[in-house]
Amino acid sequence: MDRIAVLVVDDEESVRTFLSELLGSSGYQVRCASGGSQALEMLSGGSFDAVLLDVVMPEMSGLEVLRRYRGNGGNAPVIVLSALSGADDAVRALKMGASDYLAKPFGNDELQDVLARALGTRVPERQITAPVPPAPRVMLTSAEAAAEARVLISTSPAMRRARALVERIADTDVPVLLLGESGTGKEVIAREIHARSQRHGRPFIKVNCAALPGELLESELFGHERGAFTGATAEKPGKFELADQGTIFLDEIGEMAIRLQAKLLQVLQDEEFFRVGGKKSVRVDSRVVVATNRDLEKEIALGNFREDLYYRLNVVAIRLPPLRERREDVVPLTDHFLKKYGKGFMAGVSELPTEVLHAFTDYEWPGNVRELENMVRRLCVLKDSTLVLDEIRGGGRTPASAPSLPTSFGGEDFSPPPSPSRHYEEAARVFAAPPSQVVSSNASGVQVLEMPARGSMTPAPVALVSDASPFNAVAPQRYPNPFDAPQPPPPPPPAGEPSLKDIGKRAAMLAEREAILAMLQRTAWNKRRAAGKLRISYKALLYKIKECGIIDPRASAEF
């Protein structure tokens, strides 16, 4: 029989090569196109069973390719490849006739599942197994790979207590709430719970609630009926249905929208739900394990999380300590990752120099076990310990040349932004003043003249220290640094007489802009780290940066 033909459309050669090798080893016949025009030619002249289509491409976007292909009568399933920042494009693609989507980055299991759904069965009948090309690394069986993915390596008392609790509750069906910072191993614990339960032979389905907007997440979790929305050409089972008799792991549950939280609560209470656009309820028997790095009690107080859902999920809570609180695990974990990645990159090396191990033990590991794993992998690839040591001694992820901070946000004691009342007064004044004359000040009395609009010949901002300053001294010298590039002025107020609502919105925007700028400087413009410290999602921070007119200095810096 003929093999299933898949067309991969992506402008990045590395992605095309990866998908071609991955699908080819699974028995698919793969052809690749580097752009939209080439893809349309191949689709018009050949027969394909499925199409993997990247959304963001030069010259012709994936949405335009999809529109033309459907307009020409093409009916092969099209799976959209969308980055996290392109979630809106994925929604538009589904409405234009795409069969499904994959959020980048994705794994082999996710790709196989999406292809199976698009082709109508999990293991396509026409697919034959092709020989796997030889690889320099040792290949593991699926059982061995799953066991390695959930290996628990720890000697610390806190982790021993967590492991004992896992053993006690694994055979029950109660929901489990996993708490801990990012990178502490919450997914490993979730897989361990599933592996030790009576459901271990059934599916383990993972869903990242922060990776998709609400519209897509609802369809992803609960599925949709044919005709539920434009582009829903066939019914699609949700993750809860796929996890029937198994375990569903909801990561980053704190990012889920309130509306979806109500629907999740119904599933936990009644074990049934309605698909999007469905009229009949669907009953499922899935064990629910959730994880978050947020303080849900604080989120409840802020109105971001439902209290009844919290109590429904918090039957058994397991807190995973950060790596800095269990330093005795650093060396065993390092040895494990060295064996894992050393097979392909550092043959014959079984241990690291003592100097490296001492540096690893003393390091704070803000990224926890995930950061340690990436550090060991980098060491195996570079084969030079001095580069890793220099990074650790230089402060880890924060460059040694990080810029100095505004006075009101200096040091580790993060003080809140200035009071909103001052910004209301400032906003009222800003409405009447031209942008080039806007002056901002902080609580310490330091006034900063904001940079005028681009294209003007006005000199860069100058810091002026007022007499009211507690230290009547000159401002500290600022050294050349790309992160210190001046920012353009905030977006101008709307024309005409402002209403009280307009003044309030602008005051809030100015306060948020000042706080975001300060945190971005503090984290050396590491946006993910800044979002975590500001306790908002990464996507929300990107939106705020655009809304407040903040420019990343690295985009225009000359090194």
# chains A, B, ... in the order shown; residues from 1 in each chain; ligands from 1
$ residues_around --residues "Gly35 in chain A" --least-positions-apart "3" --cutoff "8 Å" --atoms "only C-alpha atoms" --output "number ranges by chain"
A: 9-11, 38-39, 57-60
$ select_by_dssp --residues "range 166-405 of chain A" --states "strand (DSSP E)" --output "PDB file with all heavy atoms, in the first residue's frame"
ATOM      1  N   VAL A 176      -5.351  16.321  42.230  1.00  0.00           N
ATOM      2  CA  VAL A 176      -4.083  16.658  42.882  1.00  0.00           C
ATOM      3  C   VAL A 176      -3.646  18.026  42.392  1.00  0.00           C
ATOM      4  O   VAL A 176      -3.676  18.312  41.182  1.00  0.00           O
ATOM      5  CB  VAL A 176      -2.994  15.614  42.571  1.00  0.00           C
ATOM      6  CG1 VAL A 176      -1.691  15.974  43.277  1.00  0.00           C
ATOM      7  CG2 VAL A 176      -3.449  14.217  42.985  1.00  0.00           C
ATOM      8  N   LEU A 177      -3.256  18.882  43.333  1.00  0.00           N
ATOM      9  CA  LEU A 177      -2.766  20.220  43.025  1.00  0.00           C
ATOM     10  C   LEU A 177      -1.265  20.270  43.300  1.00  0.00           C
ATOM     11  O   LEU A 177      -0.833  20.058  44.435  1.00  0.00           O
ATOM     12  CB  LEU A 177      -3.502  21.260  43.878  1.00  0.00           C
ATOM     13  CG  LEU A 177      -3.014  22.711  43.792  1.00  0.00           C
ATOM     14  CD1 LEU A 177      -3.175  23.252  42.380  1.00  0.00           C
ATOM     15  CD2 LEU A 177      -3.780  23.587  44.786  1.00  0.00           C
ATOM     16  N   LEU A 178      -0.473  20.525  42.262  1.00  0.00           N
ATOM     17  CA  LEU A 178       0.983  20.596  42.386  1.00  0.00           C
ATOM     18  C   LEU A 178       1.395  22.063  42.409  1.00  0.00           C
ATOM     19  O   LEU A 178       1.061  22.823  41.491  1.00  0.00           O
ATOM     20  CB  LEU A 178       1.654  19.873  41.213  1.00  0.00           C
ATOM     21  CG  LEU A 178       1.289  18.401  41.036  1.00  0.00           C
ATOM     22  CD1 LEU A 178       1.982  17.825  39.808  1.00  0.00           C
ATOM     23  CD2 LEU A 178       1.645  17.600  42.273  1.00  0.00           C
ATOM     24  N   LEU A 179       2.121  22.450  43.442  1.00  0.00           N
ATOM     25  CA  LEU A 179       2.533  23.837  43.629  1.00  0.00           C
ATOM     26  C   LEU A 179       4.050  23.924  43.593  1.00  0.00           C
ATOM     27  O   LEU A 179       4.739  23.038  44.101  1.00  0.00           O
ATOM     28  CB  LEU A 179       2.016  24.374  44.966  1.00  0.00           C
ATOM     29  CG  LEU A 179       0.505  24.284  45.200  1.00  0.00           C
ATOM     30  CD1 LEU A 179       0.171  24.629  46.642  1.00  0.00           C
ATOM     31  CD2 LEU A 179      -0.231  25.218  44.252  1.00  0.00           C
ATOM     32  N   PHE A 204      -2.044   9.456  29.212  1.00  0.00           N
ATOM     33  CA  PHE A 204      -1.680  10.610  30.034  1.00  0.00           C
ATOM     34  C   PHE A 204      -1.644  11.804  29.092  1.00  0.00           C
ATOM     35  O   PHE A 204      -0.800  11.879  28.197  1.00  0.00           O
ATOM     36  CB  PHE A 204      -0.314  10.399  30.699  1.00  0.00           C
ATOM     37  CG  PHE A 204       0.167  11.596  31.494  1.00  0.00           C
ATOM     38  CD1 PHE A 204      -0.164  11.734  32.831  1.00  0.00           C
ATOM     39  CD2 PHE A 204       0.953  12.579  30.898  1.00  0.00           C
ATOM     40  CE1 PHE A 204       0.275  12.834  33.562  1.00  0.00           C
ATOM     41  CE2 PHE A 204       1.399  13.677  31.618  1.00  0.00           C
ATOM     42  CZ  PHE A 204       1.056  13.796  32.954  1.00  0.00           C
ATOM     43  N   ILE A 205      -2.573  12.724  29.264  1.00  0.00           N
ATOM     44  CA  ILE A 205      -2.718  13.858  28.352  1.00  0.00           C
ATOM     45  C   ILE A 205      -2.320  15.142  29.087  1.00  0.00           C
ATOM     46  O   ILE A 205      -2.856  15.446  30.152  1.00  0.00           O
ATOM     47  CB  ILE A 205      -4.161  13.994  27.839  1.00  0.00           C
ATOM     48  CG1 ILE A 205      -4.616  12.695  27.168  1.00  0.00           C
ATOM     49  CG2 ILE A 205      -4.275  15.164  26.876  1.00  0.00           C
ATOM     50  CD1 ILE A 205      -3.849  12.322  25.926  1.00  0.00           C
ATOM     51  N   LYS A 206      -1.379  15.882  28.489  1.00  0.00           N
ATOM     52  CA  LYS A 206      -0.924  17.146  29.089  1.00  0.00           C
ATOM     53  C   LYS A 206      -1.466  18.316  28.278  1.00  0.00           C
ATOM     54  O   LYS A 206      -1.436  18.299  27.047  1.00  0.00           O
ATOM     55  CB  LYS A 206       0.597  17.204  29.109  1.00  0.00           C
ATOM     56  CG  LYS A 206       1.139  18.546  29.597  1.00  0.00           C
ATOM     57  CD  LYS A 206       2.631  18.675  29.366  1.00  0.00           C
ATOM     58  CE  LYS A 206       3.112  20.079  29.703  1.00  0.00           C
ATOM     59  NZ  LYS A 206       4.550  20.274  29.404  1.00  0.00           N
ATOM     60  N   VAL A 207      -1.947  19.338  28.987  1.00  0.00           N
ATOM     61  CA  VAL A 207      -2.433  20.565  28.353  1.00  0.00           C
ATOM     62  C   VAL A 207      -1.809  21.753  29.084  1.00  0.00           C
ATOM     63  O   VAL A 207      -1.920  21.849  30.312  1.00  0.00           O
ATOM     64  CB  VAL A 207      -3.970  20.684  28.412  1.00  0.00           C
ATOM     65  CG1 VAL A 207      -4.429  21.969  27.728  1.00  0.00           C
ATOM     66  CG2 VAL A 207      -4.630  19.477  27.760  1.00  0.00           C
ATOM     67  N   ASN A 208      -1.152  22.636  28.336  1.00  0.00           N
ATOM     68  CA  ASN A 208      -0.595  23.857  28.917  1.00  0.00           C
ATOM     69  C   ASN A 208      -1.629  24.970  28.759  1.00  0.00           C
ATOM     70  O   ASN A 208      -1.862  25.466  27.659  1.00  0.00           O
ATOM     71  CB  ASN A 208       0.714  24.237  28.215  1.00  0.00           C
ATOM     72  CG  ASN A 208       1.442  25.359  28.930  1.00  0.00           C
ATOM     73  OD1 ASN A 208       0.824  26.219  29.556  1.00  0.00           O
ATOM     74  ND2 ASN A 208       2.752  25.351  28.855  1.00  0.00           N
ATOM     75  N   THR A 247      -5.412   9.944  32.724  1.00  0.00           N
ATOM     76  CA  THR A 247      -5.100  11.127  33.533  1.00  0.00           C
ATOM     77  C   THR A 247      -4.918  12.318  32.610  1.00  0.00           C
ATOM     78  O   THR A 247      -4.255  12.216  31.572  1.00  0.00           O
ATOM     79  CB  THR A 247      -3.816  10.920  34.345  1.00  0.00           C
ATOM     80  OG1 THR A 247      -3.960   9.765  35.172  1.00  0.00           O
ATOM     81  CG2 THR A 247      -3.508  12.125  35.210  1.00  0.00           C
ATOM     82  N   ILE A 248      -5.505  13.447  32.990  1.00  0.00           N
ATOM     83  CA  ILE A 248      -5.278  14.689  32.269  1.00  0.00           C
ATOM     84  C   ILE A 248      -4.525  15.645  33.184  1.00  0.00           C
ATOM     85  O   ILE A 248      -4.903  15.839  34.350  1.00  0.00           O
ATOM     86  CB  ILE A 248      -6.597  15.314  31.764  1.00  0.00           C
ATOM     87  CG1 ILE A 248      -6.303  16.572  30.938  1.00  0.00           C
ATOM     88  CG2 ILE A 248      -7.566  15.613  32.894  1.00  0.00           C
ATOM     89  CD1 ILE A 248      -7.507  17.090  30.171  1.00  0.00           C
ATOM     90  N   PHE A 249      -3.438  16.209  32.675  1.00  0.00           N
ATOM     91  CA  PHE A 249      -2.572  17.101  33.450  1.00  0.00           C
ATOM     92  C   PHE A 249      -2.730  18.510  32.902  1.00  0.00           C
ATOM     93  O   PHE A 249      -2.366  18.796  31.752  1.00  0.00           O
ATOM     94  CB  PHE A 249      -1.118  16.638  33.344  1.00  0.00           C
ATOM     95  CG  PHE A 249      -0.129  17.575  33.989  1.00  0.00           C
ATOM     96  CD1 PHE A 249      -0.323  18.032  35.284  1.00  0.00           C
ATOM     97  CD2 PHE A 249       1.001  18.002  33.299  1.00  0.00           C
ATOM     98  CE1 PHE A 249       0.584  18.895  35.887  1.00  0.00           C
ATOM     99  CE2 PHE A 249       1.923  18.850  33.894  1.00  0.00           C
ATOM    100  CZ  PHE A 249       1.710  19.304  35.186  1.00  0.00           C
ATOM    101  N   LEU A 250      -3.296  19.405  33.700  1.00  0.00           N
ATOM    102  CA  LEU A 250      -3.512  20.797  33.318  1.00  0.00           C
ATOM    103  C   LEU A 250      -2.415  21.654  33.936  1.00  0.00           C
ATOM    104  O   LEU A 250      -2.463  21.985  35.130  1.00  0.00           O
ATOM    105  CB  LEU A 250      -4.899  21.269  33.776  1.00  0.00           C
ATOM    106  CG  LEU A 250      -6.092  20.447  33.281  1.00  0.00           C
ATOM    107  CD1 LEU A 250      -7.394  21.013  33.828  1.00  0.00           C
ATOM    108  CD2 LEU A 250      -6.124  20.407  31.760  1.00  0.00           C
ATOM    109  N   ASP A 251      -1.434  21.988  33.127  1.00  0.00           N
ATOM    110  CA  ASP A 251      -0.320  22.809  33.600  1.00  0.00           C
ATOM    111  C   ASP A 251      -0.688  24.286  33.513  1.00  0.00           C
ATOM    112  O   ASP A 251      -1.462  24.694  32.649  1.00  0.00           O
ATOM    113  CB  ASP A 251       0.923  22.520  32.751  1.00  0.00           C
ATOM    114  CG  ASP A 251       2.202  22.971  33.428  1.00  0.00           C
ATOM    115  OD1 ASP A 251       2.140  23.356  34.624  1.00  0.00           O
ATOM    116  OD2 ASP A 251       3.262  22.935  32.795  1.00  0.00           O
ATOM    117  N   GLU A 272     -19.149  15.306  33.386  1.00  0.00           N
ATOM    118  CA  GLU A 272     -19.727  15.442  32.060  1.00  0.00           C
ATOM    119  C   GLU A 272     -19.656  16.904  31.633  1.00  0.00           C
ATOM    120  O   GLU A 272     -19.515  17.809  32.458  1.00  0.00           O
ATOM    121  CB  GLU A 272     -21.176  14.951  32.018  1.00  0.00           C
ATOM    122  CG  GLU A 272     -22.141  15.752  32.870  1.00  0.00           C
ATOM    123  CD  GLU A 272     -23.579  15.229  32.751  1.00  0.00           C
ATOM    124  OE1 GLU A 272     -23.754  14.111  32.240  1.00  0.00           O
ATOM    125  OE2 GLU A 272     -24.495  15.949  33.167  1.00  0.00           O
ATOM    126  N   PHE A 273     -19.721  17.105  30.309  1.00  0.00           N
ATOM    127  CA  PHE A 273     -19.628  18.455  29.758  1.00  0.00           C
ATOM    128  C   PHE A 273     -20.249  18.441  28.365  1.00  0.00           C
ATOM    129  O   PHE A 273     -20.612  17.385  27.823  1.00  0.00           O
ATOM    130  CB  PHE A 273     -18.161  18.908  29.684  1.00  0.00           C
ATOM    131  CG  PHE A 273     -17.301  18.017  28.836  1.00  0.00           C
ATOM    132  CD1 PHE A 273     -17.153  18.234  27.471  1.00  0.00           C
ATOM    133  CD2 PHE A 273     -16.629  16.942  29.401  1.00  0.00           C
ATOM    134  CE1 PHE A 273     -16.381  17.398  26.685  1.00  0.00           C
ATOM    135  CE2 PHE A 273     -15.842  16.105  28.631  1.00  0.00           C
ATOM    136  CZ  PHE A 273     -15.717  16.331  27.259  1.00  0.00           C
ATOM    137  N   PHE A 274     -20.356  19.627  27.781  1.00  0.00           N
ATOM    138  CA  PHE A 274     -20.851  19.771  26.413  1.00  0.00           C
ATOM    139  C   PHE A 274     -19.696  20.235  25.531  1.00  0.00           C
ATOM    140  O   PHE A 274     -18.936  21.133  25.900  1.00  0.00           O
ATOM    141  CB  PHE A 274     -21.985  20.797  26.356  1.00  0.00           C
ATOM    142  CG  PHE A 274     -23.266  20.323  26.991  1.00  0.00           C
ATOM    143  CD1 PHE A 274     -23.485  20.505  28.353  1.00  0.00           C
ATOM    144  CD2 PHE A 274     -24.236  19.692  26.229  1.00  0.00           C
ATOM    145  CE1 PHE A 274     -24.655  20.077  28.944  1.00  0.00           C
ATOM    146  CE2 PHE A 274     -25.413  19.254  26.813  1.00  0.00           C
ATOM    147  CZ  PHE A 274     -25.622  19.439  28.176  1.00  0.00           C
ATOM    148  N   SER A 281     -24.605  15.947  26.250  1.00  0.00           N
ATOM    149  CA  SER A 281     -23.499  15.929  27.205  1.00  0.00           C
ATOM    150  C   SER A 281     -22.608  14.719  26.942  1.00  0.00           C
ATOM    151  O   SER A 281     -23.053  13.676  26.461  1.00  0.00           O
ATOM    152  CB  SER A 281     -24.035  15.888  28.637  1.00  0.00           C
ATOM    153  OG  SER A 281     -24.773  14.693  28.849  1.00  0.00           O
ATOM    154  N   VAL A 282     -21.337  14.890  27.244  1.00  0.00           N
ATOM    155  CA  VAL A 282     -20.342  13.832  27.076  1.00  0.00           C
ATOM    156  C   VAL A 282     -19.835  13.448  28.458  1.00  0.00           C
ATOM    157  O   VAL A 282     -19.386  14.314  29.224  1.00  0.00           O
ATOM    158  CB  VAL A 282     -19.165  14.308  26.196  1.00  0.00           C
ATOM    159  CG1 VAL A 282     -18.124  13.208  26.052  1.00  0.00           C
ATOM    160  CG2 VAL A 282     -19.667  14.769  24.834  1.00  0.00           C
ATOM    161  N   ARG A 283     -19.904  12.183  28.803  1.00  0.00           N
ATOM    162  CA  ARG A 283     -19.442  11.709  30.102  1.00  0.00           C
ATOM    163  C   ARG A 283     -18.016  11.184  29.968  1.00  0.00           C
ATOM    164  O   ARG A 283     -17.670  10.485  29.009  1.00  0.00           O
ATOM    165  CB  ARG A 283     -20.346  10.600  30.647  1.00  0.00           C
ATOM    166  CG  ARG A 283     -21.745  11.076  30.993  1.00  0.00           C
ATOM    167  CD  ARG A 283     -22.451  10.065  31.889  1.00  0.00           C
ATOM    168  NE  ARG A 283     -21.788   9.925  33.171  1.00  0.00           N
ATOM    169  CZ  ARG A 283     -21.982  10.722  34.215  1.00  0.00           C
ATOM    170  NH1 ARG A 283     -22.817  11.733  34.135  1.00  0.00           N
ATOM    171  NH2 ARG A 283     -21.345  10.502  35.360  1.00  0.00           N
ATOM    172  N   ARG A 287      -8.869  11.286  35.576  1.00  0.00           N
ATOM    173  CA  ARG A 287      -8.283  11.848  36.797  1.00  0.00           C
ATOM    174  C   ARG A 287      -7.621  13.177  36.444  1.00  0.00           C
ATOM    175  O   ARG A 287      -6.915  13.284  35.440  1.00  0.00           O
ATOM    176  CB  ARG A 287      -7.234  10.906  37.375  1.00  0.00           C
ATOM    177  CG  ARG A 287      -6.673  11.477  38.683  1.00  0.00           C
ATOM    178  CD  ARG A 287      -5.659  10.600  39.311  1.00  0.00           C
ATOM    179  NE  ARG A 287      -5.403  11.008  40.684  1.00  0.00           N
ATOM    180  CZ  ARG A 287      -4.736  10.288  41.556  1.00  0.00           C
ATOM    181  NH1 ARG A 287      -4.271   9.100  41.200  1.00  0.00           N
ATOM    182  NH2 ARG A 287      -4.546  10.720  42.774  1.00  0.00           N
ATOM    183  N   VAL A 288      -7.836  14.173  37.272  1.00  0.00           N
ATOM    184  CA  VAL A 288      -7.342  15.516  36.987  1.00  0.00           C
ATOM    185  C   VAL A 288      -6.188  15.846  37.928  1.00  0.00           C
ATOM    186  O   VAL A 288      -6.330  15.774  39.159  1.00  0.00           O
ATOM    187  CB  VAL A 288      -8.462  16.566  37.137  1.00  0.00           C
ATOM    188  CG1 VAL A 288      -7.913  17.972  36.895  1.00  0.00           C
ATOM    189  CG2 VAL A 288      -9.599  16.266  36.169  1.00  0.00           C
ATOM    190  N   VAL A 289      -5.052  16.192  37.339  1.00  0.00           N
ATOM    191  CA  VAL A 289      -3.890  16.696  38.077  1.00  0.00           C
ATOM    192  C   VAL A 289      -3.574  18.070  37.516  1.00  0.00           C
ATOM    193  O   VAL A 289      -3.466  18.234  36.292  1.00  0.00           O
ATOM    194  CB  VAL A 289      -2.672  15.761  37.929  1.00  0.00           C
ATOM    195  CG1 VAL A 289      -1.481  16.310  38.707  1.00  0.00           C
ATOM    196  CG2 VAL A 289      -3.013  14.351  38.395  1.00  0.00           C
ATOM    197  N   VAL A 290      -3.456  19.072  38.370  1.00  0.00           N
ATOM    198  CA  VAL A 290      -3.199  20.435  37.915  1.00  0.00           C
ATOM    199  C   VAL A 290      -1.931  20.949  38.576  1.00  0.00           C
ATOM    200  O   VAL A 290      -1.507  20.454  39.626  1.00  0.00           O
ATOM    201  CB  VAL A 290      -4.379  21.377  38.220  1.00  0.00           C
ATOM    202  CG1 VAL A 290      -5.652  20.867  37.576  1.00  0.00           C
ATOM    203  CG2 VAL A 290      -4.580  21.536  39.717  1.00  0.00           C
ATOM    204  N   ALA A 291      -1.326  21.950  37.935  1.00  0.00           N
ATOM    205  CA  ALA A 291      -0.094  22.531  38.464  1.00  0.00           C
ATOM    206  C   ALA A 291      -0.100  24.028  38.226  1.00  0.00           C
ATOM    207  O   ALA A 291      -0.711  24.523  37.266  1.00  0.00           O
ATOM    208  CB  ALA A 291       1.130  21.890  37.797  1.00  0.00           C
ATOM    209  N   THR A 292       0.559  24.754  39.087  1.00  0.00           N
ATOM    210  CA  THR A 292       0.681  26.202  38.932  1.00  0.00           C
ATOM    211  C   THR A 292       1.896  26.703  39.695  1.00  0.00           C
ATOM    212  O   THR A 292       2.320  26.093  40.686  1.00  0.00           O
ATOM    213  CB  THR A 292      -0.583  26.920  39.443  1.00  0.00           C
ATOM    214  OG1 THR A 292      -0.456  28.332  39.222  1.00  0.00           O
ATOM    215  CG2 THR A 292      -0.800  26.684  40.927  1.00  0.00           C
ATOM    216  N   VAL A 316      -5.731  17.195  47.513  1.00  0.00           N
ATOM    217  CA  VAL A 316      -4.362  16.848  47.917  1.00  0.00           C
ATOM    218  C   VAL A 316      -3.437  17.835  47.236  1.00  0.00           C
ATOM    219  O   VAL A 316      -3.439  17.948  46.005  1.00  0.00           O
ATOM    220  CB  VAL A 316      -3.989  15.411  47.515  1.00  0.00           C
ATOM    221  CG1 VAL A 316      -2.539  15.130  47.869  1.00  0.00           C
ATOM    222  CG2 VAL A 316      -4.901  14.398  48.201  1.00  0.00           C
ATOM    223  N   ALA A 317      -2.677  18.577  47.994  1.00  0.00           N
ATOM    224  CA  ALA A 317      -1.727  19.549  47.453  1.00  0.00           C
ATOM    225  C   ALA A 317      -0.309  19.081  47.754  1.00  0.00           C
ATOM    226  O   ALA A 317      -0.002  18.689  48.880  1.00  0.00           O
ATOM    227  CB  ALA A 317      -1.971  20.939  48.047  1.00  0.00           C
ATOM    228  N   ILE A 318       0.533  19.116  46.755  1.00  0.00           N
ATOM    229  CA  ILE A 318       1.941  18.733  46.908  1.00  0.00           C
ATOM    230  C   ILE A 318       2.790  19.927  46.496  1.00  0.00           C
ATOM    231  O   ILE A 318       2.731  20.377  45.354  1.00  0.00           O
ATOM    232  CB  ILE A 318       2.294  17.509  46.039  1.00  0.00           C
ATOM    233  CG1 ILE A 318       1.415  16.313  46.409  1.00  0.00           C
ATOM    234  CG2 ILE A 318       3.766  17.146  46.187  1.00  0.00           C
ATOM    235  CD1 ILE A 318       1.664  15.085  45.557  1.00  0.00           C
ATOM    236  N   ARG A 319       3.575  20.447  47.440  1.00  0.00           N
ATOM    237  CA  ARG A 319       4.453  21.579  47.145  1.00  0.00           C
ATOM    238  C   ARG A 319       5.855  21.064  46.843  1.00  0.00           C
ATOM    239  O   ARG A 319       6.426  20.297  47.640  1.00  0.00           O
ATOM    240  CB  ARG A 319       4.498  22.563  48.312  1.00  0.00           C
ATOM    241  CG  ARG A 319       5.426  23.747  48.043  1.00  0.00           C
ATOM    242  CD  ARG A 319       5.639  24.613  49.264  1.00  0.00           C
ATOM    243  NE  ARG A 319       6.584  25.683  49.004  1.00  0.00           N
ATOM    244  CZ  ARG A 319       7.903  25.561  49.108  1.00  0.00           C
ATOM    245  NH1 ARG A 319       8.430  24.398  49.487  1.00  0.00           N
ATOM    246  NH2 ARG A 319       8.696  26.575  48.841  1.00  0.00           N
TER     247      ARG A 319
END
$ closest_residue --among "A:Leu43, A:Ala50, A:Leu7, A:Val80" --to "Ala118 in chain A" --atoms "only C-alpha atoms"
A:Ala50
$ closest_residue --among "A:Asp285, A:Asp502, A:Glu307, A:Glu512" --to "Leu534 in chain A" --atoms "only C-alpha atoms"
A:Glu512
$ residues_around --residues "Ser20 in chain A" --least-positions-apart "5" --cutoff "12 Å" --atoms "only C-alpha atoms" --output "list in words"
Ala5, Val6, Leu7, Val8, Val9, Asp10, Glu13, Ser14, Val15, Ser25, Ser26, Gly27, Tyr28, Gln29, Val30, Arg31, Cys32, Ala33 and Leu52 of chain A
$ residues_around --residues "range 363-378 of chain A" --least-positions-apart "4" --cutoff "10 Å" --atoms "only C-alpha atoms" --output "ChimeraX atom specification"
/A:181-185,321-325,327,329-330,333-342,345,352,357-359,382-385,387-388,391-393,395-397,529
$ select_by_dssp --residues "range 103-319 of chain A" --states "helix (DSSP H, G or I)" --output "ChimeraX atom specification"
/A:108-119,142-149,157-169,186-196,214-222,239-242,253-255,258-270,296-301,307-313
$ closest_residue --among "A:Trp525, A:Gly231, A:Glu351, A:Gln261" --to "Arg312 in chain A" --atoms "only C-alpha atoms"
A:Gln261
$ closest_residue --among "A:Ala257, A:Gly549, A:Gly71, A:Leu542" --to "Glu218 in chain A" --atoms "only C-alpha atoms"
A:Ala257
$ atom_distance --atom1 "CA of Arg513 in chain A" --atom2 "CA of Asp552 in chain A"
13.1 Å
$ decode --residues "range 173-197 of chain A" --atoms "C-alpha atoms" --output "short mmCIF file (atom, residue, chain, number, x, y, z; two decimals), in the first residue's frame"
data_model
loop_
_atom_site.label_atom_id
_atom_site.label_comp_id
_atom_site.auth_asym_id
_atom_site.auth_seq_id
_atom_site.Cartn_x
_atom_site.Cartn_y
_atom_site.Cartn_z
CA ASP A 173 -8.89 9.19 41.96
CA VAL A 174 -8.88 12.47 43.86
CA PRO A 175 -7.67 15.63 42.10
CA VAL A 176 -4.08 16.66 42.88
CA LEU A 177 -2.77 20.22 43.03
CA LEU A 178 0.98 20.60 42.39
CA LEU A 179 2.53 23.84 43.63
CA GLY A 180 6.01 25.17 42.99
CA GLU A 181 8.15 27.51 40.94
CA SER A 182 8.74 26.93 37.26
CA GLY A 183 11.23 24.16 36.60
CA THR A 184 10.86 22.33 39.92
CA GLY A 185 9.55 19.13 38.29
CA LYS A 186 5.77 19.38 38.56
CA GLU A 187 5.24 17.47 35.32
CA VAL A 188 7.60 14.73 36.51
CA ILE A 189 5.48 14.30 39.66
CA ALA A 190 2.28 14.29 37.59
CA ARG A 191 3.63 11.50 35.37
CA GLU A 192 4.78 9.60 38.46
CA ILE A 193 1.26 9.78 39.93
CA HIS A 194 -0.16 8.42 36.68
CA ALA A 195 2.48 5.66 36.40
CA ARG A 196 1.79 4.41 39.96
CA SER A 197 -1.99 4.50 39.59
#
